[in-house]
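Chemist: Structure supplied as input-v9.pdb; contents: PDB, C-alpha atoms.
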ATOM      1  CA  MET A   1      17.220 -44.641 -50.652  1.00  0.00           C
ATOM      2  CA  SER A   2      13.904 -42.835 -51.004  1.00  0.00           C
ATOM      3  CA  LEU A   3      13.494 -39.103 -50.569  1.00  0.00           C
ATOM      4  CA  ALA A   4      11.585 -39.637 -47.313  1.00  0.00           C
ATOM      5  CA  SER A   5      14.389 -41.827 -45.935  1.00  0.00           C
ATOM      6  CA  ARG A   6      17.065 -39.289 -46.868  1.00  0.00           C
ATOM      7  CA  LEU A   7      15.022 -36.503 -45.305  1.00  0.00           C
ATOM      8  CA  ALA A   8      14.599 -38.522 -42.100  1.00  0.00           C
ATOM      9  CA  VAL A   9      18.334 -39.263 -41.911  1.00  0.00           C
ATOM     10  CA  THR A  10      19.187 -35.604 -42.565  1.00  0.00           C
ATOM     11  CA  LEU A  11      16.748 -34.471 -39.882  1.00  0.00           C
ATOM     12  CA  LEU A  12      18.199 -36.971 -37.417  1.00  0.00           C
ATOM     13  CA  CYS A  13      21.724 -35.696 -38.128  1.00  0.00           C
ATOM     14  CA  VAL A  14      20.637 -32.080 -37.621  1.00  0.00           C
ATOM     15  CA  VAL A  15      19.005 -32.925 -34.287  1.00  0.00           C
ATOM     16  CA  ALA A  16      22.080 -34.872 -33.144  1.00  0.00           C
ATOM     17  CA  LEU A  17      24.363 -31.994 -34.144  1.00  0.00           C
ATOM     18  CA  ALA A  18      22.182 -29.476 -32.313  1.00  0.00           C
ATOM     19  CA  ALA A  19      22.263 -31.647 -29.184  1.00  0.00           C
ATOM     20  CA  ALA A  20      26.050 -31.966 -29.409  1.00  0.00           C
ATOM     21  CA  VAL A  21      26.472 -28.202 -29.813  1.00  0.00           C
ATOM     22  CA  ALA A  22      24.185 -27.502 -26.835  1.00  0.00           C
ATOM     23  CA  ARG A  23      26.036 -30.030 -24.687  1.00  0.00           C
ATOM     24  CA  ALA A  24      29.364 -28.461 -25.660  1.00  0.00           C
ATOM     25  CA  ASP A  25      28.202 -25.240 -23.995  1.00  0.00           C
ATOM     26  CA  LEU A  26      27.808 -26.880 -20.599  1.00  0.00           C
ATOM     27  CA  ALA A  27      30.437 -26.098 -18.010  1.00  0.00           C
ATOM     28  CA  ALA A  28      33.061 -28.823 -17.802  1.00  0.00           C
ATOM     29  CA  TRP A  29      31.867 -31.342 -15.229  1.00  0.00           C
ATOM     30  CA  ASP A  30      33.833 -31.218 -11.994  1.00  0.00           C
ATOM     31  CA  GLN A  31      32.318 -33.723  -9.574  1.00  0.00           C
ATOM     32  CA  ALA A  32      33.964 -32.176  -6.513  1.00  0.00           C
ATOM     33  CA  GLN A  33      32.969 -28.630  -7.469  1.00  0.00           C
ATOM     34  CA  VAL A  34      29.379 -29.532  -8.375  1.00  0.00           C
ATOM     35  CA  GLY A  35      29.079 -31.543  -5.156  1.00  0.00           C
ATOM     36  CA  ALA A  36      30.372 -28.618  -3.093  1.00  0.00           C
ATOM     37  CA  ILE A  37      27.875 -26.245  -4.710  1.00  0.00           C
ATOM     38  CA  ALA A  38      25.051 -28.747  -4.157  1.00  0.00           C
ATOM     39  CA  ARG A  39      25.997 -29.047  -0.465  1.00  0.00           C
ATOM     40  CA  LYS A  40      25.959 -25.245  -0.245  1.00  0.00           C
ATOM     41  CA  LEU A  41      22.507 -25.250  -1.867  1.00  0.00           C
ATOM     42  CA  ALA A  42      21.247 -27.916   0.550  1.00  0.00           C
ATOM     43  CA  THR A  43      22.493 -25.882   3.517  1.00  0.00           C
ATOM     44  CA  ALA A  44      20.988 -22.685   2.111  1.00  0.00           C
ATOM     45  CA  SER A  45      17.643 -24.400   1.509  1.00  0.00           C
ATOM     46  CA  ASP A  46      17.678 -25.816   5.070  1.00  0.00           C
ATOM     47  CA  GLU A  47      18.283 -22.331   6.438  1.00  0.00           C
ATOM     48  CA  LEU A  48      15.599 -20.852   4.164  1.00  0.00           C
ATOM     49  CA  ARG A  49      13.016 -23.355   5.355  1.00  0.00           C
ATOM     50  CA  ASP A  50      13.927 -22.862   9.016  1.00  0.00           C
ATOM     51  CA  THR A  51      13.730 -19.089   8.675  1.00  0.00           C
ATOM     52  CA  PHE A  52      10.486 -19.259   6.701  1.00  0.00           C
ATOM     53  CA  GLN A  53       8.932 -21.541   9.350  1.00  0.00           C
ATOM     54  CA  LYS A  54       9.818 -19.039  12.086  1.00  0.00           C
ATOM     55  CA  ALA A  55       8.445 -16.040  10.199  1.00  0.00           C
ATOM     56  CA  PRO A  56       4.962 -14.923  11.177  1.00  0.00           C
ATOM     57  CA  PRO A  57       2.275 -15.997   8.696  1.00  0.00           C
ATOM     58  CA  PRO A  58       0.194 -13.298   7.038  1.00  0.00           C
ATOM     59  CA  THR A  59      -2.927 -12.178   8.827  1.00  0.00           C
ATOM     60  CA  ALA A  60      -6.226 -13.713   7.755  1.00  0.00           C
ATOM     61  CA  GLY A  61      -7.460 -10.515   6.074  1.00  0.00           C
ATOM     62  CA  SER A  62      -4.291  -9.857   4.071  1.00  0.00           C
ATOM     63  CA  GLY A  63      -5.324 -11.935   1.058  1.00  0.00           C
ATOM     64  CA  GLN A  64      -1.981 -13.750   1.145  1.00  0.00           C
ATOM     65  CA  THR A  65      -2.899 -16.765   3.272  1.00  0.00           C
ATOM     66  CA  ARG A  66      -3.331 -19.268   0.435  1.00  0.00           C
ATOM     67  CA  GLU A  67      -0.176 -18.116  -1.379  1.00  0.00           C
ATOM     68  CA  TYR A  68       1.750 -18.237   1.898  1.00  0.00           C
ATOM     69  CA  HIS A  69       0.838 -21.893   2.412  1.00  0.00           C
ATOM     70  CA  GLU A  70       1.669 -22.701  -1.227  1.00  0.00           C
ATOM     71  CA  LEU A  71       5.056 -21.029  -0.790  1.00  0.00           C
ATOM     72  CA  LYS A  72       5.620 -22.898   2.475  1.00  0.00           C
ATOM     73  CA  GLN A  73       5.010 -26.198   0.630  1.00  0.00           C
ATOM     74  CA  ASP A  74       7.276 -25.165  -2.269  1.00  0.00           C
ATOM     75  CA  VAL A  75      10.090 -24.240   0.127  1.00  0.00           C
ATOM     76  CA  ARG A  76       9.773 -27.628   1.839  1.00  0.00           C
ATOM     77  CA  ARG A  77       9.938 -29.453  -1.507  1.00  0.00           C
ATOM     78  CA  VAL A  78      12.899 -27.356  -2.684  1.00  0.00           C
ATOM     79  CA  GLN A  79      14.711 -28.331   0.501  1.00  0.00           C
ATOM     80  CA  MET A  80      14.012 -32.024  -0.127  1.00  0.00           C
ATOM     81  CA  GLU A  81      15.212 -31.873  -3.754  1.00  0.00           C
ATOM     82  CA  ALA A  82      18.326 -29.893  -2.824  1.00  0.00           C
ATOM     83  CA  ARG A  83      19.207 -32.503  -0.208  1.00  0.00           C
ATOM     84  CA  GLU A  84      18.609 -35.329  -2.702  1.00  0.00           C
ATOM     85  CA  LEU A  85      20.841 -33.644  -5.281  1.00  0.00           C
ATOM     86  CA  ALA A  86      23.654 -33.167  -2.774  1.00  0.00           C
ATOM     87  CA  ALA A  87      23.341 -36.748  -1.507  1.00  0.00           C
ATOM     88  CA  SER A  88      23.340 -38.204  -5.021  1.00  0.00           C
ATOM     89  CA  LEU A  89      26.440 -36.236  -5.989  1.00  0.00           C
ATOM     90  CA  GLU A  90      28.103 -37.285  -2.733  1.00  0.00           C
ATOM     91  CA  ARG A  91      27.466 -40.937  -3.662  1.00  0.00           C
ATOM     92  CA  GLY A  92      29.237 -40.311  -6.975  1.00  0.00           C
ATOM     93  CA  ALA A  93      26.277 -39.810  -9.306  1.00  0.00           C
ATOM     94  CA  GLY A  94      27.194 -37.736 -12.334  1.00  0.00           C
ATOM     95  CA  ARG A  95      25.419 -35.236 -14.568  1.00  0.00           C
ATOM     96  CA  ASP A  96      23.195 -37.758 -16.335  1.00  0.00           C
ATOM     97  CA  GLU A  97      22.022 -39.368 -13.089  1.00  0.00           C
ATOM     98  CA  THR A  98      21.381 -36.055 -11.319  1.00  0.00           C
ATOM     99  CA  LEU A  99      19.893 -34.081 -14.225  1.00  0.00           C
ATOM    100  CA  PRO A 100      16.317 -35.205 -13.417  1.00  0.00           C
ATOM    101  CA  ILE A 101      16.768 -34.037  -9.820  1.00  0.00           C
ATOM    102  CA  TYR A 102      18.121 -30.675 -10.996  1.00  0.00           C
ATOM    103  CA  GLU A 103      15.231 -30.262 -13.468  1.00  0.00           C
ATOM    104  CA  SER A 104      12.656 -31.093 -10.789  1.00  0.00           C
ATOM    105  CA  LEU A 105      14.348 -28.664  -8.423  1.00  0.00           C
ATOM    106  CA  MET A 106      14.226 -25.892 -11.009  1.00  0.00           C
ATOM    107  CA  GLN A 107      10.512 -26.491 -11.656  1.00  0.00           C
ATOM    108  CA  LEU A 108       9.895 -26.096  -7.936  1.00  0.00           C
ATOM    109  CA  VAL A 109      12.047 -22.971  -7.795  1.00  0.00           C
ATOM    110  CA  ARG A 110      10.129 -21.390 -10.692  1.00  0.00           C
ATOM    111  CA  SER A 111       6.829 -22.148  -8.954  1.00  0.00           C
ATOM    112  CA  ALA A 112       8.084 -20.775  -5.644  1.00  0.00           C
ATOM    113  CA  ARG A 113       9.359 -17.602  -7.316  1.00  0.00           C
ATOM    114  CA  VAL A 114       5.940 -16.877  -8.835  1.00  0.00           C
ATOM    115  CA  THR A 115       4.202 -17.421  -5.505  1.00  0.00           C
ATOM    116  CA  ALA A 116       6.841 -15.472  -3.578  1.00  0.00           C
ATOM    117  CA  GLY A 117       6.070 -12.421  -5.701  1.00  0.00           C
ATOM    118  CA  HIS A 118       2.610 -12.329  -4.090  1.00  0.00           C
ATOM    119  CA  VAL A 119       3.607 -12.979  -0.492  1.00  0.00           C
ATOM    120  CA  PHE A 120       5.243 -10.522   1.849  1.00  0.00           C
ATOM    121  CA  THR A 121       8.320 -12.050   3.416  1.00  0.00           C
ATOM    122  CA  THR A 122      10.631 -10.698   6.060  1.00  0.00           C
ATOM    123  CA  GLN A 123      14.133  -9.432   5.336  1.00  0.00           C
ATOM    124  CA  ASP A 124      15.725 -12.513   6.905  1.00  0.00           C
ATOM    125  CA  VAL A 125      13.677 -14.829   4.641  1.00  0.00           C
ATOM    126  CA  GLN A 126      14.741 -12.755   1.627  1.00  0.00           C
ATOM    127  CA  GLN A 127      18.406 -13.042   2.669  1.00  0.00           C
ATOM    128  CA  LYS A 128      18.150 -16.830   2.978  1.00  0.00           C
ATOM    129  CA  ALA A 129      16.410 -16.995  -0.403  1.00  0.00           C
ATOM    130  CA  SER A 130      19.267 -14.950  -1.874  1.00  0.00           C
ATOM    131  CA  ALA A 131      21.826 -17.469  -0.573  1.00  0.00           C
ATOM    132  CA  ALA A 132      19.890 -20.340  -2.169  1.00  0.00           C
ATOM    133  CA  ARG A 133      19.527 -18.367  -5.414  1.00  0.00           C
ATOM    134  CA  GLU A 134      23.295 -17.728  -5.492  1.00  0.00           C
ATOM    135  CA  ALA A 135      24.022 -21.458  -5.158  1.00  0.00           C
ATOM    136  CA  LEU A 136      21.520 -22.290  -7.911  1.00  0.00           C
ATOM    137  CA  ASN A 137      23.143 -19.713 -10.189  1.00  0.00           C
ATOM    138  CA  GLN A 138      26.511 -21.390  -9.619  1.00  0.00           C
ATOM    139  CA  LEU A 139      25.069 -24.859 -10.237  1.00  0.00           C
ATOM    140  CA  SER A 140      23.047 -24.099 -13.386  1.00  0.00           C
ATOM    141  CA  PRO A 141      25.905 -23.922 -15.928  1.00  0.00           C
ATOM    142  CA  TYR A 142      26.726 -27.577 -15.187  1.00  0.00           C
ATOM    143  CA  TYR A 143      23.210 -28.681 -16.164  1.00  0.00           C
ATOM    144  CA  ASP A 144      21.707 -26.087 -18.503  1.00  0.00           C
ATOM    145  CA  PRO A 145      23.809 -24.238 -21.076  1.00  0.00           C
ATOM    146  CA  ASP A 146      20.992 -21.722 -21.604  1.00  0.00           C
ATOM    147  CA  ALA A 147      20.311 -21.014 -17.938  1.00  0.00           C
ATOM    148  CA  ALA A 148      19.909 -17.346 -17.213  1.00  0.00           C
ATOM    149  CA  PRO A 149      20.969 -16.298 -13.717  1.00  0.00           C
ATOM    150  CA  LEU A 150      18.033 -16.080 -11.334  1.00  0.00           C
ATOM    151  CA  ALA A 151      17.347 -12.519 -10.247  1.00  0.00           C
ATOM    152  CA  PRO A 152      15.733 -11.513  -6.958  1.00  0.00           C
ATOM    153  CA  VAL A 153      11.968 -11.977  -6.886  1.00  0.00           C
ATOM    154  CA  ALA A 154      10.126  -8.859  -8.011  1.00  0.00           C
ATOM    155  CA  ARG A 155       7.405  -7.757  -5.635  1.00  0.00           C
TER
END
Write the structure described by the file as C-alpha cells, please.
Modeler:
Amino acid sequence: MSLASRLAVTLLCVVALAAAVARADLAAWDQAQVGAIARKLATASDELRDTFQKAPPPTAGSGQTREYHELKQDVRRVQMEARELAASLERGAGRDETLPIYESLMQLVRSARVTAGHVFTTQDVQQKASAAREALNQLSPYYDPDAAPLAPVAR
C-alpha cells in the first residue's frame, strides 16, 4: 500500500470516528417525545404567526417596513416547516428522515432572529416567540449535539 493510500485510509478513519463521537452526543432518540415537542413547536409557531399577523405594522417613516415584511415572511415559513416536522414525525419518520426539515427550520429561525432584532414587536408577539424558542431548545439536542440554547432576541 502506498503512502498516499495509507494516508487516505487514515484520514477516512479519523473522519468516521469524529462523526461517531459527534453522533454519540445526541440525545437518545425517543420518537414519542420528539413528536410531542414538534407538535408543541407547530402549535407555538401557529400562535406566533397569528399574533404577528394581528400586530400593527410599523409606520411608513419608521425605517422598519422592509424588515417587518421580511420577518413576516420568515415567520410564515417557520410555521410551515414546524408543521412539516410535526407531521413527518407523526407519520413515523425518524431522525435521519426529519433532519433536513430540522436544518431548514433552523436556517429560517436564524434569519428571523437577525431580522427581529431590527423590528419592534409587541409584548404578545415576543411571548409567542418565546414559546416557540422554548420548544426549539427542547428539540435541538435530538438533532444537533452542539446546539446552544437560543436566547431571546437582543434589540
Chemist: With all atoms listed in the file as the atoms that count, which of A:Ser62, A:Lys128, A:Tyr143, A:Ala86 lies nearest to Pro100 of chain A?
Modeler: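 Looking at the shortest contact to Pro100 of chain A, the residue is A:Tyr143.
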Chemist: Could you give me, as a count of residues only, the residues within 12 Å of Thr59 of chain A, counting all atoms listed in the file and dropping anything in the same chain fewer than 6 positions from it?
Modeler: 5
Chemist: Calculate how many Å separate atom CA of Gly92 of chain A from atom CA of Gln79 of chain A, rounding to one decimal.
Modeler: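 Spanning atom CA of Gly92 of chain A to atom CA of Gln79 of chain A is a straight-line distance of 20.3 Å.
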Chemist: Name the closest residue to Leu89 of chain A among the candidates A:Gly61, A:Ala32, A:Ala147, A:Ser45; distances are taken between atoms, counting all atoms listed in the file.
Modeler: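 The answer is A:Ala32, which sits nearest to Leu89 of chain A.
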Chemist: Got a sec: who's within 9 Å of Leu105 of chain A, counting all atoms listed in the file, leaving out chain neighbours fewer than 6 positions off, as a PyMOL selection string?
Modeler: chain A and resi 77-82+85
Chemist: Could you tell me which residues the PyMOL selection byres ((chain A and resi 51) around 12) grabs in this file, written as a PDB file with C-alpha atoms, in the frame of the given file?
Modeler:
ATOM      1  CA  ALA A  44      20.988 -22.685   2.111  1.00  0.00           C
ATOM      2  CA  SER A  45      17.643 -24.400   1.509  1.00  0.00           C
ATOM      3  CA  ASP A  46      17.678 -25.816   5.070  1.00  0.00           C
ATOM      4  CA  GLU A  47      18.283 -22.331   6.438  1.00  0.00           C
ATOM      5  CA  LEU A  48      15.599 -20.852   4.164  1.00  0.00           C
ATOM      6  CA  ARG A  49      13.016 -23.355   5.355  1.00  0.00           C
ATOM      7  CA  ASP A  50      13.927 -22.862   9.016  1.00  0.00           C
ATOM      8  CA  PHE A  52      10.486 -19.259   6.701  1.00  0.00           C
ATOM      9  CA  GLN A  53       8.932 -21.541   9.350  1.00  0.00           C
ATOM     10  CA  LYS A  54       9.818 -19.039  12.086  1.00  0.00           C
ATOM     11  CA  ALA A  55       8.445 -16.040  10.199  1.00  0.00           C
ATOM     12  CA  PRO A  56       4.962 -14.923  11.177  1.00  0.00           C
ATOM     13  CA  PRO A  57       2.275 -15.997   8.696  1.00  0.00           C
ATOM     14  CA  LYS A  72       5.620 -22.898   2.475  1.00  0.00           C
ATOM     15  CA  VAL A  75      10.090 -24.240   0.127  1.00  0.00           C
ATOM     16  CA  ARG A  76       9.773 -27.628   1.839  1.00  0.00           C
ATOM     17  CA  THR A 121       8.320 -12.050   3.416  1.00  0.00           C
ATOM     18  CA  THR A 122      10.631 -10.698   6.060  1.00  0.00           C
ATOM     19  CA  GLN A 123      14.133  -9.432   5.336  1.00  0.00           C
ATOM     20  CA  ASP A 124      15.725 -12.513   6.905  1.00  0.00           C
ATOM     21  CA  VAL A 125      13.677 -14.829   4.641  1.00  0.00           C
ATOM     22  CA  GLN A 126      14.741 -12.755   1.627  1.00  0.00           C
ATOM     23  CA  GLN A 127      18.406 -13.042   2.669  1.00  0.00           C
ATOM     24  CA  LYS A 128      18.150 -16.830   2.978  1.00  0.00           C
ATOM     25  CA  ALA A 129      16.410 -16.995  -0.403  1.00  0.00           C
TER      26      ALA A 129
END
Chemist: Restricting the calculation to all atoms listed in the file: of A:Ala42, A:Val114, A:Ala131, A:Ala27, which residue gets closest to Ala154 of chain A?
Modeler: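 Selected residue with least distance to Ala154 of chain A: A:Val114.
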